[in-house]
Amino acid sequence: METELIKKIKDNYGLEIINVQVLSGGWMNKKYLVTTIDNKKYVVKLFSPEKVKKMSKGEFSVDYLDEQLVNNLKIENYMYGNCLNCEKINLTHDNKLVFVYNGYRVAIIDYISGIYVPREYISNEQLHKLGQECAKMHLLFKNVDSSKYIGEYLKLPSIEKLFNNYQNKISNKIGEVSDEYLELLSVQGKGLRCLKDKSIINEIPIAVTHGDFADDNILFDGEIPHILDFELVRVNSPLLDVGRIIMSYCFEYDCINYNKMNSFILGYDKELSIQDNDIFLSLITVWINEVDMWIKENYFNKPLTEKAKRFQDELIYLTNNLIPIIEQYKNGGNLKDFCDNKSKQRRLLK
């Protein structure tokens with residue numbers, strides 16, 4: 001960390017930093033764990049304006065960071081103040097959530113004692129607690145004003161936009177394309193036609209939601225989950241959070257582990273009612289939001305990081321199983337039967 005940034009932190013917060021550790025993760029952002037002279041720990045996060053410009057494909061300028069980023073951090077503090085297990089953003093001496101440094105917006109966040117737990121080691125008790133915390137978060141989001149979220153950035157794509165993206169992928173193939181990708185494109189087209197025929201998108205509930213509720217934004221202190229990073233709060237669907245966390249923790253060996261998923265569902269249902277049909281719709285919602293992020297040509301023509309490959313594998317599964325999931329949703333299917341049948345099919349294929 002630069003000496004000038006350390007000085008600005010002292011000027012803005014009165015914190016005298018004596019130790020700095022670089023933290024990994026946070027695409028295009030920077031993070032540091034710092035210790036102060038009074039032996040307190042904080043996370044210093046530098047938000048990159050280029051990340052927003054790139055993700056929004058130019059729809060939002062750096063001004064986004066002065067408006068919606070600050071609004072999202074206010075929401076995070078609102079959640080913290082209402083007893084959600086999440087980060088607390090500290091205020092500067094003049095009551096601001098961020099200050100500007102070399103083009104970045106900088107926030108000072110209370111350090112949370114906890115560890116990242118990968119899907120291989122997550123317990124049913126942890127998933128149950130996480131379900132409860134997710135439902136509490138969604139209840140609090142009901143009080144958040146959605147009018148500040150303008151434009152199409154991060155919103156649920158329309159069926160027209162999905163078809164347009166699909167046609168672009170069909171028409172703009174660059175070079176020699178893998179057979180797997182071509183097959184997935186064919187399956188994607190069938191899935192889109194099924195979504196359109198059954199008017200699924202119109203049935204997805206829309207609200208302000210976390211929007212980046214994946215396992216890398218969860219820390220566990222024993223069984224207690226802590227939710228991180230409200231940077232990508234958006235108007236989309238609470239079911240995106242539900243389906244994304246199910247895929248992050250419960251998808252394994254090319255199947256969804258029903259027992260793990262059910263632990264999360266039971267925890268969620270203690271605070272906010274949720275049914276099997278909601279879960280099927282949550283998986284459809286993840287596919288709608290993420291298929292064009294992870295099923296694209298260049299991701300089948302180059303080596304991927306472990307994290308990117310994990311997301312790709314999840315979206316390959318959802319693409320190949322989208323029509324059966326839609327049928328289960330429309331016909332009031334049973335989650336346990338669906339998961340058990342898919343597990344049996346996998347064993348037979350092996």
# chains A, B, ... in the order shown; residues from 1 in each chain; ligands from 1

call {"tool": "select_by_dssp", "arguments": {"residues": "range 211-317 of chain A", "states": "strand (DSSP E or B)", "output": "list of chain:residue names"}}
result
A:Ile218, A:Leu219, A:Phe220, A:Asp221, A:Ile224, A:Pro225, A:His226, A:Ile227, A:Arg234, A:Val235, A:Asn236, A:Phe251, A:Glu252, A:Cys255, A:Ile256

call {"tool": "residues_around", "arguments": {"residues": "range 199-207 of chain A", "least_positions_apart": "4", "cutoff": "8 Å", "atoms": "only C-alpha atoms", "output": "PyMOL selection string"}}
result
chain A and resi 141-142+146+158-159+195+235-239+281+285

call {"tool": "write_last_selection", "arguments": {"atoms": "N, CA, C and O atoms", "output": "mmCIF file, in the first residue's frame"}}
result
data_model
loop_
_atom_site.group_PDB
_atom_site.id
_atom_site.type_symbol
_atom_site.label_atom_id
_atom_site.label_comp_id
_atom_site.auth_asym_id
_atom_site.auth_seq_id
_atom_site.Cartn_x
_atom_site.Cartn_y
_atom_site.Cartn_z
ATOM 1 N N PHE A 141 -34.365 -5.898 2.337
ATOM 2 C CA PHE A 141 -34.360 -5.280 1.009
ATOM 3 C C PHE A 141 -35.740 -4.752 0.623
ATOM 4 O O PHE A 141 -35.850 -3.866 -0.235
ATOM 5 N N LYS A 142 -36.804 -5.288 1.226
ATOM 6 C CA LYS A 142 -38.142 -4.806 0.920
ATOM 7 C C LYS A 142 -38.309 -3.329 1.278
ATOM 8 O O LYS A 142 -39.194 -2.644 0.753
ATOM 9 N N SER A 146 -36.063 1.351 -4.828
ATOM 10 C CA SER A 146 -35.524 0.830 -6.085
ATOM 11 C C SER A 146 -35.381 1.903 -7.161
ATOM 12 O O SER A 146 -34.792 1.643 -8.219
ATOM 13 N N SER A 158 -34.494 -9.187 -20.711
ATOM 14 C CA SER A 158 -35.762 -9.533 -21.348
ATOM 15 C C SER A 158 -35.554 -10.726 -22.269
ATOM 16 O O SER A 158 -34.417 -11.051 -22.650
ATOM 17 N N ILE A 159 -36.643 -11.366 -22.672
ATOM 18 C CA ILE A 159 -36.519 -12.492 -23.586
ATOM 19 C C ILE A 159 -35.982 -12.013 -24.930
ATOM 20 O O ILE A 159 -35.225 -12.722 -25.606
ATOM 21 N N LEU A 195 -38.582 -21.019 -22.831
ATOM 22 C CA LEU A 195 -38.830 -19.881 -21.935
ATOM 23 C C LEU A 195 -39.871 -18.939 -22.538
ATOM 24 O O LEU A 195 -40.776 -18.464 -21.838
ATOM 25 N N VAL A 235 -31.509 -4.107 -9.098
ATOM 26 C CA VAL A 235 -32.906 -4.498 -9.264
ATOM 27 C C VAL A 235 -32.905 -5.711 -10.176
ATOM 28 O O VAL A 235 -32.628 -5.612 -11.369
ATOM 29 N N ASN A 236 -33.193 -6.857 -9.610
ATOM 30 C CA ASN A 236 -33.220 -8.098 -10.371
ATOM 31 C C ASN A 236 -34.243 -9.006 -9.703
ATOM 32 O O ASN A 236 -35.418 -8.681 -9.708
ATOM 33 N N SER A 237 -33.832 -10.104 -9.110
ATOM 34 C CA SER A 237 -34.773 -10.967 -8.403
ATOM 35 C C SER A 237 -34.112 -11.568 -7.172
ATOM 36 O O SER A 237 -32.963 -12.017 -7.245
ATOM 37 N N PRO A 238 -34.811 -11.602 -6.034
ATOM 38 C CA PRO A 238 -34.291 -12.330 -4.879
ATOM 39 C C PRO A 238 -33.989 -13.790 -5.212
ATOM 40 O O PRO A 238 -33.114 -14.409 -4.597
ATOM 41 N N LEU A 239 -34.705 -14.336 -6.194
ATOM 42 C CA LEU A 239 -34.450 -15.724 -6.595
ATOM 43 C C LEU A 239 -33.078 -15.900 -7.232
ATOM 44 O O LEU A 239 -32.542 -17.006 -7.242
ATOM 45 N N LEU A 281 -37.688 -22.101 -10.057
ATOM 46 C CA LEU A 281 -37.654 -20.796 -10.725
ATOM 47 C C LEU A 281 -36.343 -20.062 -10.428
ATOM 48 O O LEU A 281 -35.841 -19.328 -11.281
ATOM 49 N N THR A 285 -33.739 -18.538 -13.071
ATOM 50 C CA THR A 285 -33.310 -17.142 -12.963
ATOM 51 C C THR A 285 -31.800 -17.017 -13.056
ATOM 52 O O THR A 285 -31.278 -16.088 -13.698
#

call {"tool": "residues_around", "arguments": {"residues": "range 271-276 of chain A", "least_positions_apart": "5", "cutoff": "9 Å", "atoms": "only C-alpha atoms", "output": "ChimeraX atom specification"}}
result
/A:131-133,135-136,138-139,265-266,281,329,332-335

call {"tool": "write_last_selection", "arguments": {"atoms": "all heavy atoms", "output": "mmCIF file, in the first residue's frame"}}
result
data_model
loop_
_atom_site.group_PDB
_atom_site.id
_atom_site.type_symbol
_atom_site.label_atom_id
_atom_site.label_comp_id
_atom_site.auth_asym_id
_atom_site.auth_seq_id
_atom_site.Cartn_x
_atom_site.Cartn_y
_atom_site.Cartn_z
ATOM 1 N N GLY A 131 -29.224 -19.899 4.991
ATOM 2 C CA GLY A 131 -30.585 -19.713 4.491
ATOM 3 C C GLY A 131 -31.354 -18.695 5.315
ATOM 4 O O GLY A 131 -32.044 -17.823 4.769
ATOM 5 N N GLN A 132 -31.236 -18.795 6.631
ATOM 6 C CA GLN A 132 -31.887 -17.815 7.505
ATOM 7 C C GLN A 132 -31.388 -16.404 7.228
ATOM 8 O O GLN A 132 -32.172 -15.450 7.133
ATOM 9 C CB GLN A 132 -31.612 -18.154 8.978
ATOM 10 C CG GLN A 132 -32.459 -19.276 9.544
ATOM 11 C CD GLN A 132 -32.222 -19.435 11.035
ATOM 12 O OE1 GLN A 132 -31.325 -20.150 11.459
ATOM 13 N NE2 GLN A 132 -33.024 -18.763 11.824
ATOM 14 N N GLU A 133 -30.071 -16.269 7.108
ATOM 15 C CA GLU A 133 -29.478 -14.938 6.917
ATOM 16 C C GLU A 133 -29.885 -14.366 5.562
ATOM 17 O O GLU A 133 -30.152 -13.166 5.439
ATOM 18 C CB GLU A 133 -27.958 -15.027 7.041
ATOM 19 C CG GLU A 133 -27.292 -13.801 7.624
ATOM 20 C CD GLU A 133 -27.705 -13.499 9.042
ATOM 21 O OE1 GLU A 133 -28.153 -14.415 9.769
ATOM 22 O OE2 GLU A 133 -27.579 -12.331 9.443
ATOM 23 N N ALA A 135 -32.695 -14.966 3.939
ATOM 24 C CA ALA A 135 -34.090 -14.528 4.049
ATOM 25 C C ALA A 135 -34.201 -13.216 4.826
ATOM 26 O O ALA A 135 -34.981 -12.329 4.457
ATOM 27 C CB ALA A 135 -34.926 -15.616 4.715
ATOM 28 N N LYS A 136 -33.420 -13.066 5.914
ATOM 29 C CA LYS A 136 -33.414 -11.797 6.660
ATOM 30 C C LYS A 136 -32.992 -10.651 5.751
ATOM 31 O O LYS A 136 -33.570 -9.558 5.793
ATOM 32 C CB LYS A 136 -32.459 -11.900 7.855
ATOM 33 C CG LYS A 136 -32.927 -12.811 8.980
ATOM 34 C CD LYS A 136 -31.857 -12.879 10.071
ATOM 35 C CE LYS A 136 -32.200 -13.885 11.143
ATOM 36 N NZ LYS A 136 -31.101 -14.019 12.150
ATOM 37 N N HIS A 138 -33.310 -10.486 2.493
ATOM 38 C CA HIS A 138 -34.371 -10.194 1.533
ATOM 39 C C HIS A 138 -35.524 -9.437 2.181
ATOM 40 O O HIS A 138 -36.136 -8.564 1.537
ATOM 41 C CB HIS A 138 -34.868 -11.488 0.892
ATOM 42 C CG HIS A 138 -33.911 -12.066 -0.097
ATOM 43 N ND1 HIS A 138 -33.967 -13.374 -0.530
ATOM 44 C CD2 HIS A 138 -32.850 -11.512 -0.752
ATOM 45 C CE1 HIS A 138 -32.992 -13.593 -1.396
ATOM 46 N NE2 HIS A 138 -32.306 -12.476 -1.540
ATOM 47 N N LEU A 139 -35.817 -9.729 3.429
ATOM 48 C CA LEU A 139 -36.853 -8.974 4.138
ATOM 49 C C LEU A 139 -36.429 -7.513 4.297
ATOM 50 O O LEU A 139 -37.244 -6.594 4.122
ATOM 51 C CB LEU A 139 -37.130 -9.604 5.500
ATOM 52 C CG LEU A 139 -37.929 -10.915 5.477
ATOM 53 C CD1 LEU A 139 -37.907 -11.587 6.846
ATOM 54 C CD2 LEU A 139 -39.373 -10.655 5.041
ATOM 55 N N ILE A 265 -32.799 -24.357 2.264
ATOM 56 C CA ILE A 265 -34.221 -24.036 2.102
ATOM 57 C C ILE A 265 -34.923 -23.976 3.456
ATOM 58 O O ILE A 265 -35.709 -23.054 3.728
ATOM 59 C CB ILE A 265 -34.899 -25.066 1.187
ATOM 60 C CG1 ILE A 265 -34.359 -24.954 -0.240
ATOM 61 C CG2 ILE A 265 -36.414 -24.894 1.186
ATOM 62 C CD1 ILE A 265 -34.756 -26.114 -1.143
ATOM 63 N N LEU A 266 -34.651 -24.951 4.322
ATOM 64 C CA LEU A 266 -35.301 -24.974 5.634
ATOM 65 C C LEU A 266 -34.917 -23.756 6.469
ATOM 66 O O LEU A 266 -35.749 -23.197 7.190
ATOM 67 C CB LEU A 266 -34.932 -26.263 6.375
ATOM 68 C CG LEU A 266 -35.537 -27.560 5.805
ATOM 69 C CD1 LEU A 266 -34.972 -28.775 6.532
ATOM 70 C CD2 LEU A 266 -37.059 -27.537 5.908
ATOM 71 N N LEU A 281 -37.688 -22.101 -10.057
ATOM 72 C CA LEU A 281 -37.654 -20.796 -10.725
ATOM 73 C C LEU A 281 -36.343 -20.062 -10.428
ATOM 74 O O LEU A 281 -35.841 -19.328 -11.281
ATOM 75 C CB LEU A 281 -38.856 -19.946 -10.294
ATOM 76 C CG LEU A 281 -39.101 -18.649 -11.079
ATOM 77 C CD1 LEU A 281 -39.219 -18.925 -12.573
ATOM 78 C CD2 LEU A 281 -40.340 -17.929 -10.559
ATOM 79 N N TYR A 329 -40.970 -26.867 -12.934
ATOM 80 C CA TYR A 329 -41.555 -25.636 -12.402
ATOM 81 C C TYR A 329 -43.012 -25.502 -12.830
ATOM 82 O O TYR A 329 -43.900 -25.207 -12.005
ATOM 83 C CB TYR A 329 -40.746 -24.426 -12.883
ATOM 84 C CG TYR A 329 -41.442 -23.106 -12.675
ATOM 85 C CD1 TYR A 329 -41.691 -22.614 -11.394
ATOM 86 C CD2 TYR A 329 -41.877 -22.362 -13.774
ATOM 87 C CE1 TYR A 329 -42.354 -21.401 -11.207
ATOM 88 C CE2 TYR A 329 -42.530 -21.162 -13.591
ATOM 89 C CZ TYR A 329 -42.765 -20.682 -12.310
ATOM 90 O OH TYR A 329 -43.415 -19.492 -12.119
ATOM 91 N N GLY A 332 -45.346 -28.255 -11.153
ATOM 92 C CA GLY A 332 -45.340 -28.412 -9.695
ATOM 93 C C GLY A 332 -44.520 -29.601 -9.250
ATOM 94 O O GLY A 332 -44.943 -30.377 -8.379
ATOM 95 N N GLY A 333 -43.333 -29.757 -9.822
ATOM 96 C CA GLY A 333 -42.486 -30.914 -9.536
ATOM 97 C C GLY A 333 -41.926 -30.924 -8.123
ATOM 98 O O GLY A 333 -41.972 -29.928 -7.392
ATOM 99 N N ASN A 334 -41.385 -32.066 -7.754
ATOM 100 C CA ASN A 334 -40.816 -32.282 -6.431
ATOM 101 C C ASN A 334 -39.297 -32.193 -6.525
ATOM 102 O O ASN A 334 -38.680 -32.911 -7.320
ATOM 103 C CB ASN A 334 -41.255 -33.655 -5.910
ATOM 104 C CG ASN A 334 -40.698 -33.969 -4.544
ATOM 105 O OD1 ASN A 334 -39.555 -34.389 -4.413
ATOM 106 N ND2 ASN A 334 -41.516 -33.757 -3.520
ATOM 107 N N LEU A 335 -38.681 -31.339 -5.719
ATOM 108 C CA LEU A 335 -37.231 -31.133 -5.776
ATOM 109 C C LEU A 335 -36.450 -32.403 -5.489
ATOM 110 O O LEU A 335 -35.468 -32.701 -6.166
ATOM 111 C CB LEU A 335 -36.816 -30.052 -4.777
ATOM 112 C CG LEU A 335 -36.897 -28.599 -5.219
ATOM 113 C CD1 LEU A 335 -36.635 -27.692 -4.035
ATOM 114 C CD2 LEU A 335 -35.896 -28.311 -6.335
#

call {"tool": "atom_distance", "arguments": {"atom1": "CA of Asn85 in chain A", "atom2": "CA of Lys129 in chain A"}}
result
10.7 Å

call {"tool": "residues_around", "arguments": {"residues": "Gly114 in chain A", "least_positions_apart": "3", "cutoff": "12 Å", "atoms": "only C-alpha atoms", "output": "list in words"}}
result
Asn85, Cys86, Glu87, Tyr111, Val117, Asn217, Ile218, Leu219, Phe220, Asp221, Gly222, Glu223, Ile224, Pro225, His226, Ile227 and Leu228 of chain A

call {"tool": "write_last_selection", "arguments": {"atoms": "N, CA, C and O atoms", "output": "PDB file, in the first residue's frame"}}
result
ATOM      1  N   ASN A  85     -25.833 -10.186   9.584  1.00  0.00           N
ATOM      2  CA  ASN A  85     -24.402 -10.481   9.704  1.00  0.00           C
ATOM      3  C   ASN A  85     -23.706 -10.087   8.406  1.00  0.00           C
ATOM      4  O   ASN A  85     -23.594 -10.880   7.469  1.00  0.00           O
ATOM      5  N   CYS A  86     -23.260  -8.841   8.347  1.00  0.00           N
ATOM      6  CA  CYS A  86     -22.589  -8.341   7.155  1.00  0.00           C
ATOM      7  C   CYS A  86     -21.547  -7.317   7.572  1.00  0.00           C
ATOM      8  O   CYS A  86     -21.352  -7.050   8.761  1.00  0.00           O
ATOM      9  N   GLU A  87     -20.863  -6.742   6.588  1.00  0.00           N
ATOM     10  CA  GLU A  87     -19.806  -5.781   6.873  1.00  0.00           C
ATOM     11  C   GLU A  87     -20.378  -4.440   7.323  1.00  0.00           C
ATOM     12  O   GLU A  87     -21.491  -4.060   6.941  1.00  0.00           O
ATOM     13  N   TYR A 111     -13.134  -5.315  10.006  1.00  0.00           N
ATOM     14  CA  TYR A 111     -12.676  -6.670   9.703  1.00  0.00           C
ATOM     15  C   TYR A 111     -13.623  -7.691  10.322  1.00  0.00           C
ATOM     16  O   TYR A 111     -14.052  -7.561  11.475  1.00  0.00           O
ATOM     17  N   VAL A 117     -15.435 -21.096   3.216  1.00  0.00           N
ATOM     18  CA  VAL A 117     -15.663 -22.544   3.276  1.00  0.00           C
ATOM     19  C   VAL A 117     -16.072 -23.018   1.883  1.00  0.00           C
ATOM     20  O   VAL A 117     -17.134 -22.636   1.385  1.00  0.00           O
ATOM     21  N   ASN A 217     -18.422 -14.576  -1.484  1.00  0.00           N
ATOM     22  CA  ASN A 217     -18.851 -13.411  -0.714  1.00  0.00           C
ATOM     23  C   ASN A 217     -19.485 -13.810   0.610  1.00  0.00           C
ATOM     24  O   ASN A 217     -20.266 -13.044   1.197  1.00  0.00           O
ATOM     25  N   ILE A 218     -19.133 -15.004   1.075  1.00  0.00           N
ATOM     26  CA  ILE A 218     -19.602 -15.499   2.373  1.00  0.00           C
ATOM     27  C   ILE A 218     -18.399 -15.940   3.205  1.00  0.00           C
ATOM     28  O   ILE A 218     -17.538 -16.681   2.714  1.00  0.00           O
ATOM     29  N   LEU A 219     -18.339 -15.490   4.443  1.00  0.00           N
ATOM     30  CA  LEU A 219     -17.365 -15.995   5.413  1.00  0.00           C
ATOM     31  C   LEU A 219     -18.115 -16.655   6.557  1.00  0.00           C
ATOM     32  O   LEU A 219     -19.197 -16.192   6.949  1.00  0.00           O
ATOM     33  N   PHE A 220     -17.544 -17.733   7.093  1.00  0.00           N
ATOM     34  CA  PHE A 220     -18.162 -18.425   8.223  1.00  0.00           C
ATOM     35  C   PHE A 220     -17.276 -18.311   9.451  1.00  0.00           C
ATOM     36  O   PHE A 220     -16.071 -18.566   9.392  1.00  0.00           O
ATOM     37  N   ASP A 221     -17.886 -17.944  10.555  1.00  0.00           N
ATOM     38  CA  ASP A 221     -17.257 -18.004  11.869  1.00  0.00           C
ATOM     39  C   ASP A 221     -17.939 -19.149  12.605  1.00  0.00           C
ATOM     40  O   ASP A 221     -19.002 -18.969  13.207  1.00  0.00           O
ATOM     41  N   GLY A 222     -17.368 -20.354  12.501  1.00  0.00           N
ATOM     42  CA  GLY A 222     -18.071 -21.551  12.958  1.00  0.00           C
ATOM     43  C   GLY A 222     -19.262 -21.795  12.043  1.00  0.00           C
ATOM     44  O   GLY A 222     -19.120 -21.907  10.831  1.00  0.00           O
ATOM     45  N   GLU A 223     -20.468 -21.849  12.641  1.00  0.00           N
ATOM     46  CA  GLU A 223     -21.675 -22.041  11.841  1.00  0.00           C
ATOM     47  C   GLU A 223     -22.273 -20.716  11.367  1.00  0.00           C
ATOM     48  O   GLU A 223     -23.185 -20.707  10.545  1.00  0.00           O
ATOM     49  N   ILE A 224     -21.762 -19.609  11.886  1.00  0.00           N
ATOM     50  CA  ILE A 224     -22.375 -18.306  11.627  1.00  0.00           C
ATOM     51  C   ILE A 224     -21.858 -17.709  10.320  1.00  0.00           C
ATOM     52  O   ILE A 224     -20.651 -17.481  10.159  1.00  0.00           O
ATOM     53  N   PRO A 225     -22.756 -17.426   9.366  1.00  0.00           N
ATOM     54  CA  PRO A 225     -22.329 -16.831   8.088  1.00  0.00           C
ATOM     55  C   PRO A 225     -22.295 -15.307   8.168  1.00  0.00           C
ATOM     56  O   PRO A 225     -23.079 -14.681   8.894  1.00  0.00           O
ATOM     57  N   HIS A 226     -21.372 -14.716   7.439  1.00  0.00           N
ATOM     58  CA  HIS A 226     -21.302 -13.264   7.289  1.00  0.00           C
ATOM     59  C   HIS A 226     -21.324 -12.956   5.796  1.00  0.00           C
ATOM     60  O   HIS A 226     -20.551 -13.528   5.018  1.00  0.00           O
ATOM     61  N   ILE A 227     -22.187 -12.039   5.406  1.00  0.00           N
ATOM     62  CA  ILE A 227     -22.374 -11.691   3.998  1.00  0.00           C
ATOM     63  C   ILE A 227     -21.508 -10.485   3.658  1.00  0.00           C
ATOM     64  O   ILE A 227     -21.532  -9.467   4.352  1.00  0.00           O
ATOM     65  N   LEU A 228     -20.742 -10.605   2.569  1.00  0.00           N
ATOM     66  CA  LEU A 228     -19.830  -9.545   2.153  1.00  0.00           C
ATOM     67  C   LEU A 228     -20.298  -8.900   0.852  1.00  0.00           C
ATOM     68  O   LEU A 228     -21.130  -9.447   0.132  1.00  0.00           O
TER      69      LEU A 228
END

call {"tool": "residues_around", "arguments": {"residues": "Leu240 in chain A", "least_positions_apart": "2", "cutoff": "12 Å", "atoms": "only C-alpha atoms", "output": "PyMOL selection string"}}
result
chain A and resi 134+138+154-156+204-214+233-238+242-248+278-290

call {"tool": "closest_residue", "arguments": {"among": "A:Asp197, A:Glu76, A:Glu59, A:Glu252", "to": "Ile89 in chain A", "atoms": "only C-alpha atoms"}}
result
A:Glu76

call {"tool": "residues_around", "arguments": {"residues": "Asn71 in chain A", "least_positions_apart": "3", "cutoff": "10 Å", "atoms": "only C-alpha atoms", "output": "ChimeraX atom specification"}}
result
/A:64-68,74-77,97,148-149,230-231,233

call {"tool": "write_last_selection", "arguments": {"atoms": "N, CA and C atoms", "output": "compact mmCIF listing (two decimals), in the first residue's frame"}}
result
# COMPACT_ATOMS: atom_id res chain seq x y z
N TYR A 64 -21.07 6.70 -11.72
CA TYR A 64 -21.77 5.63 -10.98
C TYR A 64 -21.20 5.47 -9.58
N LEU A 65 -19.87 5.57 -9.48
CA LEU A 65 -19.23 5.33 -8.19
C LEU A 65 -19.57 6.41 -7.18
N ASP A 66 -19.94 7.57 -7.64
CA ASP A 66 -20.30 8.64 -6.72
C ASP A 66 -21.77 8.60 -6.36
N GLU A 67 -22.54 7.74 -7.01
CA GLU A 67 -23.97 7.67 -6.75
C GLU A 67 -24.39 6.27 -6.30
N GLN A 68 -24.43 5.32 -7.24
CA GLN A 68 -24.95 4.02 -6.86
C GLN A 68 -24.01 3.22 -5.98
N LYS A 74 -24.49 2.44 1.61
CA LYS A 74 -25.48 2.87 2.60
C LYS A 74 -26.42 1.72 2.94
N ILE A 75 -26.81 0.97 1.89
CA ILE A 75 -27.68 -0.19 2.10
C ILE A 75 -27.00 -1.22 3.00
N GLU A 76 -25.70 -1.44 2.75
CA GLU A 76 -24.96 -2.40 3.56
C GLU A 76 -24.94 -1.97 5.03
N ASN A 77 -24.74 -0.68 5.29
CA ASN A 77 -24.76 -0.20 6.67
C ASN A 77 -26.16 -0.28 7.27
N LEU A 97 -18.89 7.85 3.09
CA LEU A 97 -18.63 6.41 3.05
C LEU A 97 -17.37 6.07 2.27
N LYS A 148 -33.54 4.42 -7.51
CA LYS A 148 -32.19 4.89 -7.81
C LYS A 148 -31.49 4.03 -8.85
N TYR A 149 -32.04 2.84 -9.14
CA TYR A 149 -31.38 1.90 -10.04
C TYR A 149 -31.97 2.06 -11.44
N PHE A 230 -21.64 -5.73 -1.01
CA PHE A 230 -22.90 -5.28 -1.58
C PHE A 230 -22.67 -4.36 -2.78
N GLU A 231 -21.48 -4.45 -3.38
CA GLU A 231 -21.12 -3.56 -4.48
C GLU A 231 -22.06 -3.69 -5.68
N VAL A 233 -25.32 -4.65 -5.69
CA VAL A 233 -26.76 -4.59 -5.41
C VAL A 233 -27.46 -4.08 -6.66

call {"tool": "atom_distance", "arguments": {"atom1": "CA of Gln167 in chain A", "atom2": "CA of Ile150 in chain A"}}
result
26.1 Å

call {"tool": "closest_residue", "arguments": {"among": "A:Gln21, A:Asn259, A:Asn320, A:Ser178", "to": "Asp337 in chain A", "atoms": "only C-alpha atoms"}}
result
A:Asn259

call {"tool": "residues_around", "arguments": {"residues": "Asn102 in chain A", "least_positions_apart": "2", "cutoff": "10 Å", "atoms": "only C-alpha atoms", "output": "list in words"}}
result
Leu5, Leu46, Ser48, Val100, Tyr104, Arg105 and Val106 of chain A

call {"tool": "atom_distance", "arguments": {"atom1": "CA of Trp27 in chain A", "atom2": "CA of Gln188 in chain A"}}
result
27.7 Å

call {"tool": "closest_residue", "arguments": {"among": "A:Asp340, A:Pro324, A:Asp215, A:Lys198", "to": "Tyr258 in chain A", "atoms": "only C-alpha atoms"}}
result
A:Asp340

call {"tool": "select_by_dssp", "arguments": {"residues": "range 54-252 of chain A", "states": "alpha helix (DSSP H)", "output": "VMD selection string"}}
result
chain A and resid 54 to 55 63 to 81 124 to 141 159 to 171 179 to 197 238 to 250
